[in-house]
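This report refers to the structure that appears directly beneath it.
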Amino acid sequence: MRNFTNVHDIGPLDAAVREALEVKNNRFAYKHLGQDKTLLMIFFNSSLRTRLSTQKAAMNLGMNVMVLDINQGAWKLETERGVIMDGDKPEHLLEAIPVMGCYCDVIGVRSFAQFQSKEDDYQEKILNQFIRYSGRPVFSMEAATRHPLQSFADLITIEEHKTVERPKVVMTWAPHPKALPQAVPNSFAEWMNATDYDFVITHPHGYELDPKFVGNARVEYDQDKALQGADFVYAKNWSAYADPNYGKVISTDRSWTVTAEKMALTNNAFFMHCLPVRRNMIVSDDVIESPRSLVIPEAANREISAEVVLKRILESLDK
């Protein structure tokens, strides 16, 4: 595996999960793979779990790690061709990317949707420029349209905790005061559609996701109906996808907050969220603090998903 940006790059999911559980059982078994190899982690946006878990995964594999925060610890970078660079961006990404590639063996990139152009966001211009111009394997640490490391960790977590072969997994929209990207829900939907789970997406009218990510999932506009019989409830906010409201908040309806009353409709479901989470907007205190909350094990599995991805990339370098 040279690059990792979506579920299709990881191959058969049953094999990926088996490998993840083997890695989790012995995180340092493949330390030889990363010896004398350097990972460069590039952040255009803030991070807590992704930064720490990916750096830890690389260290488990014996890698050297460099972290670069664009717009904080580096020059501001221009991303568009044809621009007269007479503003506050003294360096262009097209020079910066190959330079970065000179100093490392693998590159991780985190770059959110900008909400200025849906076309630019959904073409993943920044991530794809790194793949095209760096000369190095590249993996996504969350891009404009997907967050595959998170979704892989979500899958591992579900597989570890499911009690039936084909669980019902419900992804529910929940209110949030800010406009958030569709990357996590897009990616979660893409990964769930690649399983044989009973997968349902529920959200208010106007929050429909890109059909290519919705895939074969059932879409239900009645949250209570969707939650009935659920084994896992994955809560997440996202802003509107459809024009003319792309990237906008069109509802903050608190009736969609995941509460104990909502969870009582389920099959004693586990609660999941990628974090960070706005308590009592997305989910009530009692739900996220309950014994059925998986937010901490889910976050812990971010180290494992990152290690499997880096392991496979390092193995490809030796071929």
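Simple scheme: letters A, B, ... for chains in structure tokens order, numbers from 1 for residues in each chain, numbers from 1 for ligands in the order shown.
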Task: Filtered DSSP result for stretch 97-189 of chain A, state strand (DSSP E), as a list in words - done: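 Output for stretch 97-189 of chain A, strand (DSSP E) only: Val106, Ile107, Gly108, Val109, Arg110, Val138, Phe139, Ser140, Lys168, Val169, Val170, Met171, Thr172 and Trp173 of chain A.
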Open item on the list: Please list as a ChimeraX atom specification every residue within 10 Å of stretch 119-128 of chain A, counting only C-alpha atoms and excluding residues in the same chain fewer than 6 positions away.
Closed with: /A:5,44,79-80,93,108-113,134,138-146,181,183,210
Residue subset to file, keeping C-alpha atoms, as a CSV table (one decimal), in the first residue's frame:
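File again_5.csv, as written:
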```
chain,number,residue,atom,x,y,z
A,5,THR,CA,-6.9,8.0,1.6
A,44,PHE,CA,-3.0,22.6,8.2
A,79,THR,CA,-2.3,26.7,-2.8
A,80,GLU,CA,-3.6,28.1,-6.1
A,93,LEU,CA,2.7,24.6,-2.0
A,108,GLY,CA,0.8,12.4,6.7
A,109,VAL,CA,-1.4,15.3,5.8
A,110,ARG,CA,-4.3,16.9,7.7
A,111,SER,CA,-6.2,19.5,5.7
A,112,PHE,CA,-9.9,20.3,6.3
A,113,ALA,CA,-12.6,21.5,3.9
A,134,SER,CA,6.1,14.9,-2.9
A,138,VAL,CA,1.1,9.9,1.6
A,139,PHE,CA,-1.7,9.1,4.0
A,140,SER,CA,-4.6,11.2,5.1
A,141,MET,CA,-4.8,12.4,8.7
A,142,GLU,CA,-8.3,13.9,7.7
A,143,ALA,CA,-8.9,15.6,4.5
A,144,ALA,CA,-11.8,17.7,3.1
A,145,THR,CA,-14.1,14.7,2.4
A,146,ARG,CA,-12.8,11.8,4.5
A,181,PRO,CA,-17.0,19.4,7.5
A,183,ALA,CA,-15.4,14.3,6.3
A,210,ASP,CA,-23.1,13.2,-1.0
```
Open item on the list: as a PyMOL selection string, please: the residues near A:Val169 (cut-off 8 Å, only C-alpha atoms, same-chain neighbours under 6 positions excluded).
Closed with: chain A and resi 197-200+230-234
Requested write-out: N, CA and C atoms of the selected residues, as an mmCIF file, in the first residue's frame:
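File part-v4.cif, as written:
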```cif
data_model
loop_
_atom_site.group_PDB
_atom_site.id
_atom_site.type_symbol
_atom_site.label_atom_id
_atom_site.label_comp_id
_atom_site.auth_asym_id
_atom_site.auth_seq_id
_atom_site.Cartn_x
_atom_site.Cartn_y
_atom_site.Cartn_z
ATOM 1 N N TYR A 197 -22.834 -4.872 7.779
ATOM 2 C CA TYR A 197 -23.678 -4.395 8.863
ATOM 3 C C TYR A 197 -25.003 -3.856 8.326
ATOM 4 N N ASP A 198 -25.990 -3.797 9.216
ATOM 5 C CA ASP A 198 -27.249 -3.100 8.932
ATOM 6 C C ASP A 198 -26.990 -1.635 9.261
ATOM 7 N N PHE A 199 -26.776 -0.815 8.240
ATOM 8 C CA PHE A 199 -26.319 0.555 8.448
ATOM 9 C C PHE A 199 -27.411 1.554 8.078
ATOM 10 N N VAL A 200 -27.683 2.473 9.020
ATOM 11 C CA VAL A 200 -28.726 3.474 8.852
ATOM 12 C C VAL A 200 -28.143 4.856 9.137
ATOM 13 N N ALA A 230 -31.073 -0.387 17.549
ATOM 14 C CA ALA A 230 -29.665 -0.160 17.196
ATOM 15 C C ALA A 230 -28.734 -0.836 18.195
ATOM 16 N N ASP A 231 -27.628 -1.372 17.696
ATOM 17 C CA ASP A 231 -26.582 -1.945 18.542
ATOM 18 C C ASP A 231 -25.450 -0.954 18.786
ATOM 19 N N PHE A 232 -25.251 -0.041 17.846
ATOM 20 C CA PHE A 232 -24.252 1.015 17.969
ATOM 21 C C PHE A 232 -24.870 2.315 17.472
ATOM 22 N N VAL A 233 -24.648 3.393 18.226
ATOM 23 C CA VAL A 233 -25.113 4.717 17.826
ATOM 24 C C VAL A 233 -23.898 5.616 17.676
ATOM 25 N N TYR A 234 -23.676 6.070 16.462
ATOM 26 C CA TYR A 234 -22.534 6.933 16.159
ATOM 27 C C TYR A 234 -23.082 8.336 15.928
#
```
Open item on the list: Nearest residue to A:Ala20 out of A:Glu220, A:Glu261, A:Glu165, A:Asp154, using only C-alpha atoms?
Closed with: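 Residue with the minimum atom-to-atom distance to A:Ala20: A:Asp154.
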Residue contacts of A:Ile158 (12 Å, only C-alpha atoms) excluding same-chain residues fewer than 3 positions away, as an mmCIF file with N, CA and C atoms, in the first residue's frame:
```cif
data_model
loop_
_atom_site.group_PDB
_atom_site.id
_atom_site.type_symbol
_atom_site.label_atom_id
_atom_site.label_comp_id
_atom_site.auth_asym_id
_atom_site.auth_seq_id
_atom_site.Cartn_x
_atom_site.Cartn_y
_atom_site.Cartn_z
ATOM 1 N N VAL A 17 -8.805 -5.898 9.886
ATOM 2 C CA VAL A 17 -9.155 -5.975 11.307
ATOM 3 C C VAL A 17 -8.306 -7.030 12.013
ATOM 4 N N SER A 151 -12.181 6.270 10.726
ATOM 5 C CA SER A 151 -13.166 5.256 10.356
ATOM 6 C C SER A 151 -12.616 3.842 10.545
ATOM 7 N N PHE A 152 -11.337 3.664 10.272
ATOM 8 C CA PHE A 152 -10.708 2.363 10.502
ATOM 9 C C PHE A 152 -10.735 2.042 11.992
ATOM 10 N N ALA A 153 -10.415 3.019 12.834
ATOM 11 C CA ALA A 153 -10.480 2.819 14.287
ATOM 12 C C ALA A 153 -11.913 2.528 14.735
ATOM 13 N N ASP A 154 -12.887 3.198 14.118
ATOM 14 C CA ASP A 154 -14.287 2.940 14.441
ATOM 15 C C ASP A 154 -14.650 1.490 14.125
ATOM 16 N N LEU A 155 -14.207 1.015 12.970
ATOM 17 C CA LEU A 155 -14.497 -0.365 12.571
ATOM 18 C C LEU A 155 -13.870 -1.347 13.561
ATOM 19 N N HIS A 161 -16.499 -5.049 20.004
ATOM 20 C CA HIS A 161 -17.596 -4.966 20.965
ATOM 21 C C HIS A 161 -18.918 -5.539 20.463
ATOM 22 N N LYS A 162 -19.015 -5.925 19.220
ATOM 23 C CA LYS A 162 -20.294 -6.430 18.714
ATOM 24 C C LYS A 162 -20.627 -7.772 19.351
ATOM 25 N N THR A 163 -21.909 -8.004 19.563
ATOM 26 C CA THR A 163 -22.375 -9.263 20.166
ATOM 27 C C THR A 163 -23.192 -10.088 19.191
ATOM 28 N N VAL A 164 -23.475 -9.526 18.023
ATOM 29 C CA VAL A 164 -24.145 -10.264 16.955
ATOM 30 C C VAL A 164 -23.312 -10.093 15.689
ATOM 31 N N GLU A 165 -23.442 -11.041 14.781
ATOM 32 C CA GLU A 165 -22.612 -11.028 13.583
ATOM 33 C C GLU A 165 -22.884 -9.812 12.713
ATOM 34 N N ARG A 166 -24.162 -9.438 12.643
ATOM 35 C CA ARG A 166 -24.547 -8.312 11.772
ATOM 36 C C ARG A 166 -25.261 -7.254 12.620
ATOM 37 N N PRO A 167 -24.500 -6.416 13.312
ATOM 38 C CA PRO A 167 -25.117 -5.420 14.178
ATOM 39 C C PRO A 167 -25.800 -4.313 13.381
ATOM 40 N N LYS A 168 -26.765 -3.673 14.026
ATOM 41 C CA LYS A 168 -27.382 -2.486 13.445
ATOM 42 C C LYS A 168 -26.599 -1.275 13.923
ATOM 43 N N VAL A 169 -26.029 -0.538 12.979
ATOM 44 C CA VAL A 169 -25.212 0.647 13.269
ATOM 45 C C VAL A 169 -25.951 1.866 12.738
ATOM 46 N N VAL A 170 -26.200 2.820 13.629
ATOM 47 C CA VAL A 170 -26.922 4.034 13.235
ATOM 48 C C VAL A 170 -26.006 5.238 13.393
ATOM 49 N N PHE A 188 -17.163 7.538 7.653
ATOM 50 C CA PHE A 188 -17.813 6.480 8.429
ATOM 51 C C PHE A 188 -18.814 5.734 7.555
ATOM 52 N N TRP A 191 -17.002 3.399 5.087
ATOM 53 C CA TRP A 191 -16.479 2.190 5.721
ATOM 54 C C TRP A 191 -17.601 1.259 6.144
ATOM 55 N N MET A 192 -18.688 1.788 6.692
ATOM 56 C CA MET A 192 -19.801 0.926 7.098
ATOM 57 C C MET A 192 -20.435 0.253 5.882
ATOM 58 N N THR A 195 -18.911 -2.986 4.887
ATOM 59 C CA THR A 195 -19.171 -4.159 5.730
ATOM 60 C C THR A 195 -20.526 -4.752 5.356
ATOM 61 N N TYR A 197 -22.834 -4.872 7.779
ATOM 62 C CA TYR A 197 -23.678 -4.395 8.863
ATOM 63 C C TYR A 197 -25.003 -3.856 8.326
ATOM 64 N N ASP A 231 -27.628 -1.372 17.696
ATOM 65 C CA ASP A 231 -26.582 -1.945 18.542
ATOM 66 C C ASP A 231 -25.450 -0.954 18.786
ATOM 67 N N PHE A 232 -25.251 -0.041 17.846
ATOM 68 C CA PHE A 232 -24.252 1.015 17.969
ATOM 69 C C PHE A 232 -24.870 2.315 17.472
ATOM 70 N N VAL A 233 -24.648 3.393 18.226
ATOM 71 C CA VAL A 233 -25.113 4.717 17.826
ATOM 72 C C VAL A 233 -23.898 5.616 17.676
ATOM 73 N N TYR A 234 -23.676 6.070 16.462
ATOM 74 C CA TYR A 234 -22.534 6.933 16.159
ATOM 75 C C TYR A 234 -23.082 8.336 15.928
ATOM 76 N N ALA A 269 -27.658 -0.061 23.102
ATOM 77 C CA ALA A 269 -26.570 0.217 22.163
ATOM 78 C C ALA A 269 -25.365 0.833 22.845
ATOM 79 N N PHE A 270 -24.217 0.629 22.204
ATOM 80 C CA PHE A 270 -23.003 1.355 22.553
ATOM 81 C C PHE A 270 -23.063 2.732 21.900
ATOM 82 N N PHE A 271 -22.532 3.727 22.599
ATOM 83 C CA PHE A 271 -22.451 5.078 22.050
ATOM 84 C C PHE A 271 -21.049 5.337 21.527
ATOM 85 N N MET A 272 -20.960 5.965 20.336
ATOM 86 C CA MET A 272 -19.669 6.272 19.730
ATOM 87 C C MET A 272 -19.640 7.706 19.233
ATOM 88 N N SER A 293 -20.597 3.772 26.761
ATOM 89 C CA SER A 293 -19.888 4.741 25.919
ATOM 90 C C SER A 293 -18.532 4.175 25.524
ATOM 91 N N LEU A 294 -18.247 4.232 24.222
ATOM 92 C CA LEU A 294 -16.988 3.688 23.695
ATOM 93 C C LEU A 294 -16.034 4.784 23.235
ATOM 94 N N VAL A 295 -16.276 6.024 23.626
ATOM 95 C CA VAL A 295 -15.477 7.111 23.057
ATOM 96 C C VAL A 295 -13.999 6.992 23.412
ATOM 97 N N PRO A 297 -12.215 3.928 24.313
ATOM 98 C CA PRO A 297 -11.641 2.821 23.533
ATOM 99 C C PRO A 297 -11.522 3.136 22.043
ATOM 100 N N GLU A 298 -12.494 3.861 21.534
ATOM 101 C CA GLU A 298 -12.491 4.275 20.127
ATOM 102 C C GLU A 298 -11.282 5.172 19.842
ATOM 103 N N ASN A 301 -8.027 3.259 19.859
ATOM 104 C CA ASN A 301 -7.803 2.486 18.634
ATOM 105 C C ASN A 301 -7.280 3.326 17.484
#
```
Open item on the list: Residues within 12 Å of A:Phe28, please, as a list in words. Count only C-alpha atoms; anything in the same chain fewer than 2 positions from it doesn't count.
Closed with: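 Near A:Phe28, the qualifying residues are Glu22, Val23, Lys24, Asn25, Asn26, Tyr30, Lys31, His32, Leu33, Gly34, Lys56, Ala57, Ala58, Met59, Asn60, Leu61, Gly62, Met63, Ile304, Glu307, Val308 and Lys311 of chain A.
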Export N, CA and C atoms of the chosen residues as a tab-separated table (two decimals), in the first residue's frame?
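Contents of result_18.tsv, freshly written:
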```tsv
chain	number	residue	atom	x	y	z
A	22	GLU	N	-3.80	-8.08	15.81
A	22	GLU	CA	-2.45	-8.62	16.02
A	22	GLU	C	-1.49	-7.50	16.45
A	23	VAL	N	-1.56	-6.37	15.79
A	23	VAL	CA	-0.73	-5.23	16.14
A	23	VAL	C	-1.05	-4.75	17.56
A	24	LYS	N	-2.33	-4.73	17.88
A	24	LYS	CA	-2.74	-4.27	19.22
A	24	LYS	C	-2.19	-5.19	20.30
A	25	ASN	N	-2.08	-6.46	19.98
A	25	ASN	CA	-1.56	-7.44	20.94
A	25	ASN	C	-0.06	-7.29	21.17
A	26	ASN	N	0.65	-6.76	20.16
A	26	ASN	CA	2.10	-6.54	20.29
A	26	ASN	C	2.49	-5.35	19.41
A	30	TYR	N	6.94	-4.87	15.05
A	30	TYR	CA	7.42	-4.51	13.72
A	30	TYR	C	8.33	-3.28	13.76
A	31	LYS	N	9.01	-3.12	14.89
A	31	LYS	CA	9.85	-1.94	15.09
A	31	LYS	C	10.97	-1.86	14.05
A	32	HIS	N	11.38	-3.00	13.53
A	32	HIS	CA	12.45	-3.01	12.54
A	32	HIS	C	12.05	-2.31	11.24
A	33	LEU	N	10.75	-2.27	10.96
A	33	LEU	CA	10.30	-1.70	9.69
A	33	LEU	C	10.61	-0.21	9.58
A	34	GLY	N	10.54	0.49	10.71
A	34	GLY	CA	10.72	1.93	10.68
A	34	GLY	C	12.12	2.41	11.00
A	56	LYS	N	2.57	8.29	18.05
A	56	LYS	CA	2.83	7.09	18.86
A	56	LYS	C	2.94	5.86	17.99
A	57	ALA	N	2.06	5.74	17.00
A	57	ALA	CA	2.12	4.59	16.10
A	57	ALA	C	3.44	4.53	15.36
A	58	ALA	N	3.92	5.68	14.89
A	58	ALA	CA	5.20	5.72	14.19
A	58	ALA	C	6.35	5.35	15.12
A	59	MET	N	6.29	5.80	16.35
A	59	MET	CA	7.32	5.45	17.33
A	59	MET	C	7.29	3.96	17.63
A	60	ASN	N	6.10	3.37	17.70
A	60	ASN	CA	5.99	1.93	17.90
A	60	ASN	C	6.73	1.16	16.81
A	61	LEU	N	6.74	1.74	15.60
A	61	LEU	CA	7.37	1.10	14.44
A	61	LEU	C	8.82	1.51	14.27
A	62	GLY	N	9.36	2.26	15.24
A	62	GLY	CA	10.78	2.62	15.20
A	62	GLY	C	11.11	3.80	14.32
A	63	MET	N	10.11	4.59	13.92
A	63	MET	CA	10.34	5.70	13.00
A	63	MET	C	10.78	6.97	13.74
A	304	ILE	N	-3.89	2.22	16.84
A	304	ILE	CA	-3.82	0.94	16.14
A	304	ILE	C	-4.09	1.11	14.65
A	307	GLU	N	-1.09	2.62	13.11
A	307	GLU	CA	0.06	1.72	13.04
A	307	GLU	C	-0.08	0.70	11.91
A	308	VAL	N	-1.28	0.19	11.71
A	308	VAL	CA	-1.49	-0.75	10.60
A	308	VAL	C	-1.22	-0.06	9.26
A	311	LYS	N	2.52	0.57	8.96
A	311	LYS	CA	3.18	-0.73	8.76
A	311	LYS	C	3.10	-1.16	7.30
```
Can you write out as CSV which residues of stretch 65-175 of chain A fall within 9 Å of stretch 280-283 of chain A, alongside each residue's closest atom pair and its distance in Å to one decimal, counting only C-alpha atoms and ordering rows by chain and ascending residue number?
```
residue,atom,partner,partner_atom,distance
A:Trp173,CA,A:Ile282,CA,8.4
A:Ala174,CA,A:Ile282,CA,5.1
A:Pro175,CA,A:Ile282,CA,5.8
```
Could you save the residues just selected, with N, CA and C atoms, as a PDB file, in the first residue's frame?
```pdb
ATOM      1  N   TRP A 173     -27.050  12.453  12.892  1.00  0.00           N
ATOM      2  CA  TRP A 173     -26.695  13.867  12.979  1.00  0.00           C
ATOM      3  C   TRP A 173     -27.092  14.379  14.350  1.00  0.00           C
ATOM      4  N   ALA A 174     -26.343  15.320  14.889  1.00  0.00           N
ATOM      5  CA  ALA A 174     -26.689  15.970  16.146  1.00  0.00           C
ATOM      6  C   ALA A 174     -26.296  17.443  16.039  1.00  0.00           C
ATOM      7  N   PRO A 175     -26.922  18.315  16.810  1.00  0.00           N
ATOM      8  CA  PRO A 175     -26.697  19.759  16.650  1.00  0.00           C
ATOM      9  C   PRO A 175     -25.325  20.215  17.127  1.00  0.00           C
TER      10      PRO A 175
END
```
TODO: Using backbone DSSP assignments, extract all helix (DSSP H, G or I) residues from stretch 13-239 of chain A; output them as JSON, numbers by chain.
DONE: {"A": [13, 14, 15, 16, 17, 18, 19, 20, 21, 22, 23, 24, 25, 31, 32, 33, 34, 49, 50, 51, 52, 53, 54, 55, 56, 57, 58, 59, 60, 93, 94, 95, 96, 97, 98, 99, 100, 101, 102, 118, 119, 120, 121, 122, 125, 126, 127, 128, 129, 130, 131, 132, 133, 148, 149, 150, 151, 152, 153, 154, 155, 156, 157, 158, 159, 160, 161, 183, 184, 185, 186, 187, 188, 189, 190, 191, 192, 193, 211, 212, 213, 214, 223, 224, 225, 226, 227]}
Task: Proximity to A:Val309 - best of A:Pro276, A:Gly135, A:Pro148, A:Gly229, only C-alpha atoms - done: A:Pro148
Task: Pairwise distance for atom CA of A:Met1 and atom CA of A:Ser316, rounded to one decimal in Å - done: 5.9 Å
List every residue of stretch 60-125 of chain A that has an atom at most 10 Å from any atom of stretch 235-254 of chain A, giving for each one its closest atom pair and the distance in Å to one decimal, counting only C-alpha atoms, sorted by chain and then by ascending residue number, as a Markdown table.
```
| residue | atom | partner | partner_atom | distance |
| --- | --- | --- | --- | --- |
| A:Ala113 | CA | A:Gly247 | CA | 8.8 |
| A:Gln114 | CA | A:Gly247 | CA | 8.6 |
| A:Phe115 | CA | A:Gly247 | CA | 5.3 |
| A:Gln116 | CA | A:Gly247 | CA | 8.3 |
| A:Ser117 | CA | A:Tyr246 | CA | 8.7 |
| A:Lys118 | CA | A:Tyr246 | CA | 7.0 |
```
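Nearest-residue note for A:Leu275: choosing from A:Phe213, A:Gln150, A:Ala29, A:Asp318, the minimum distance belongs to A:Gln150, counting only C-alpha atoms.
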Open item on the list: So that I can see what lies close to A:Gln72, please list as a list in words the residues with an atom at most 12 Å from it, counting only C-alpha atoms and leaving out residues fewer than 2 positions away in the same chain.
Closed with: Ile42, Phe43, Phe44, Asn45, Ser46, Val67, Leu68, Asp69, Ile70, Ala74, Trp75, Lys76 and Leu77 of chain A
- [ ] Would you work out the distance separating atom CA of A:His8 from atom CA of A:Pro185, expressed in Å to one decimal?
- [x]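 Computing it gives 16.5 Å between the two atoms.
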- [ ] Using only C-alpha atoms, determine which residues lie at most 7 Å from A:Asn64, disregarding the query and same-chain residues fewer than 5 positions distant; provide the list as a list in words.
- [x] Lys37, Thr38, Leu39 and Met59 of chain A
Task: Coordinates-based distance that separates atom CA of A:Thr202 from atom CA of A:Val219 (Å, one decimal) - done: 5.7 Å
Open item on the list: Here is a test: counting only C-alpha atoms, which residue of A:Glu19, A:Asp36, A:Asp105, A:Asp86 is nearest to A:Ile313?
Closed with: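 Using only C-alpha atoms, A:Ile313 sits closest to A:Asp105.
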Open item on the list: Just checking: using only C-alpha atoms, which residue out of A:Arg136, A:Val65, A:Gly11, A:Leu21 ends up closest to A:Leu317?
Closed with: A:Arg136
